[in-house]
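Below is one structure, written out as structure tokens; comments come after it.
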Amino acid sequence: MKGPTKKQQEMLIYISSFISEHGFSPSLREIAEHFNVSPAAVHYALLSMEKKGLIERNSKDARSSVLPEETRKDLTNVPVPLFSSEPDKKTLENGSLDVLYIPSNLSSPSTFAFVVSSWSMKEGGILPGDIAILDKENDAKDGDIVLGYPEGGDGKMELRRLRKRKTLMELWPENDSMGITRSQKIVICGILKEIRRKY
């Protein structure tokens, strides 16, 4: 089964929550109103999800969307550590008592999250107050947004875009008022998977 897009994932979470609360699935109009889109856009989104096997529907019933067992399992929320700001090396090692619940298909044993406090990625659309969800991976690719610090530094971490050069690694901010961090080795503590924002 092909996985959902980000928008489809949000729609699946809404449908699942609606079914849990009401005992039946939402109508096209209710989904459209929730996401502020047209019913036609919802219709095409549901058709696409049905083709992927993410939902099952009876076209004669407006409230017929059913989530197969595999989709329901993927939407099960699991806790991951949540830090109140960008963690430093020691804080990350010690862990956090706070947790964030995310769908299990976004989580791995190395997933963690923090509340963004820096303006370093503002031109990339990442703002203070956003929640960054990351995986503790060392195998970051050129261009990935990572949480890292220069080896031998003070362990203060920055959320920035990684650039790999011939002899150097760089942490680029997406904020013209901030400088680039350069080092022969950058310690990568997490690769960005998703940003969440409260409105």
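Here, A, B, ... name the chains of the structure tokens in the order displayed, residue numbers run from 1 inside each chain, and ligands are numbered from 1 in the same displayed order.
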Which residues are near A:Glu30? Cut-off 12 Å, only C-alpha atoms, ignore same chain within fewer than 2 positions. Put them as JSON, numbers by chain. {"A": [11, 14, 15, 18, 25, 26, 27, 28, 32, 33, 34, 35, 36, 37, 38, 39, 42, 43, 62, 63]}
N, CA, C and O atoms of the current selection, written as a CSV table (one decimal), in the first residue's frame:
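Contents of again-v9.csv, as written:
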```csv
chain,number,residue,atom,x,y,z
A,11,MET,N,-6.0,14.4,6.5
A,11,MET,CA,-7.4,14.1,6.3
A,11,MET,C,-7.7,12.8,7.0
A,11,MET,O,-8.8,12.6,7.6
A,14,TYR,N,-8.1,13.4,10.6
A,14,TYR,CA,-9.5,14.0,10.9
A,14,TYR,C,-10.6,13.0,10.8
A,14,TYR,O,-11.5,12.9,11.7
A,15,ILE,N,-10.6,12.2,9.8
A,15,ILE,CA,-11.6,11.1,9.6
A,15,ILE,C,-11.6,10.2,10.8
A,15,ILE,O,-12.7,9.8,11.4
A,18,PHE,N,-13.0,11.9,13.9
A,18,PHE,CA,-14.4,12.1,13.7
A,18,PHE,C,-15.2,10.8,14.0
A,18,PHE,O,-16.2,10.8,14.7
A,25,SER,N,-18.5,8.2,9.9
A,25,SER,CA,-17.5,9.0,9.2
A,25,SER,C,-18.1,10.4,8.8
A,25,SER,O,-19.3,10.5,8.7
A,26,PRO,N,-17.3,11.4,8.6
A,26,PRO,CA,-17.7,12.7,8.2
A,26,PRO,C,-18.2,12.7,6.8
A,26,PRO,O,-17.7,11.9,6.0
A,27,SER,N,-19.1,13.6,6.4
A,27,SER,CA,-19.5,13.8,5.1
A,27,SER,C,-18.5,14.6,4.3
A,27,SER,O,-17.6,15.2,4.9
A,28,LEU,N,-18.6,14.6,3.0
A,28,LEU,CA,-17.7,15.4,2.1
A,28,LEU,C,-17.8,16.9,2.6
A,28,LEU,O,-16.7,17.5,2.7
A,32,ALA,N,-14.7,19.1,3.9
A,32,ALA,CA,-14.4,20.3,3.2
A,32,ALA,C,-14.4,21.6,4.1
A,32,ALA,O,-13.5,22.4,4.0
A,33,GLU,N,-15.4,21.7,5.0
A,33,GLU,CA,-15.4,22.8,5.9
A,33,GLU,C,-14.3,22.8,6.8
A,33,GLU,O,-13.7,23.8,7.2
A,34,HIS,N,-13.9,21.6,7.3
A,34,HIS,CA,-12.8,21.5,8.3
A,34,HIS,C,-11.5,22.0,7.6
A,34,HIS,O,-10.7,22.6,8.3
A,35,PHE,N,-11.2,21.6,6.4
A,35,PHE,CA,-10.0,21.9,5.7
A,35,PHE,C,-10.1,23.2,4.8
A,35,PHE,O,-9.1,23.6,4.2
A,36,ASN,N,-11.3,23.8,4.8
A,36,ASN,CA,-11.5,25.0,4.1
A,36,ASN,C,-11.2,24.9,2.6
A,36,ASN,O,-10.4,25.6,2.0
A,37,VAL,N,-11.7,23.8,2.0
A,37,VAL,CA,-11.5,23.5,0.6
A,37,VAL,C,-12.9,23.1,0.0
A,37,VAL,O,-13.9,23.0,0.8
A,38,SER,N,-13.0,23.0,-1.3
A,38,SER,CA,-14.3,22.6,-1.9
A,38,SER,C,-14.6,21.2,-1.7
A,38,SER,O,-13.7,20.3,-1.6
A,39,PRO,N,-15.9,20.8,-1.7
A,39,PRO,CA,-16.3,19.4,-1.6
A,39,PRO,C,-15.7,18.6,-2.8
A,39,PRO,O,-15.4,17.4,-2.7
A,42,VAL,N,-12.3,17.5,-1.9
A,42,VAL,CA,-12.3,16.4,-1.0
A,42,VAL,C,-12.7,15.1,-1.7
A,42,VAL,O,-12.1,14.1,-1.5
A,43,HIS,N,-13.6,15.2,-2.7
A,43,HIS,CA,-14.0,14.0,-3.5
A,43,HIS,C,-12.8,13.4,-4.2
A,43,HIS,O,-12.6,12.2,-4.1
A,62,ALA,N,-23.0,9.0,1.7
A,62,ALA,CA,-22.1,10.2,1.9
A,62,ALA,C,-21.2,10.0,3.1
A,62,ALA,O,-20.2,10.7,3.3
A,63,ARG,N,-21.6,9.1,4.1
A,63,ARG,CA,-20.8,8.9,5.3
A,63,ARG,C,-20.2,7.4,5.3
A,63,ARG,O,-20.3,6.8,6.3
```
Mind giving me the straight-line distance from atom CA of A:Met157 to atom CA of A:Thr181 in Å, one decimal? 10.9 Å
So which bits of stretch 3-188 of chain A end up strand (DSSP E) when you DSSP the backbone, as a PyMOL selection string? chain A and resi 77-83+99-103+111-115+131-135+145-150+158-164+169-172+181-183+186-188
When you count only C-alpha atoms, which of these residues is closest to A:Pro4: A:Lys90, A:Lys193, A:Arg29, A:Lys51? A:Lys51
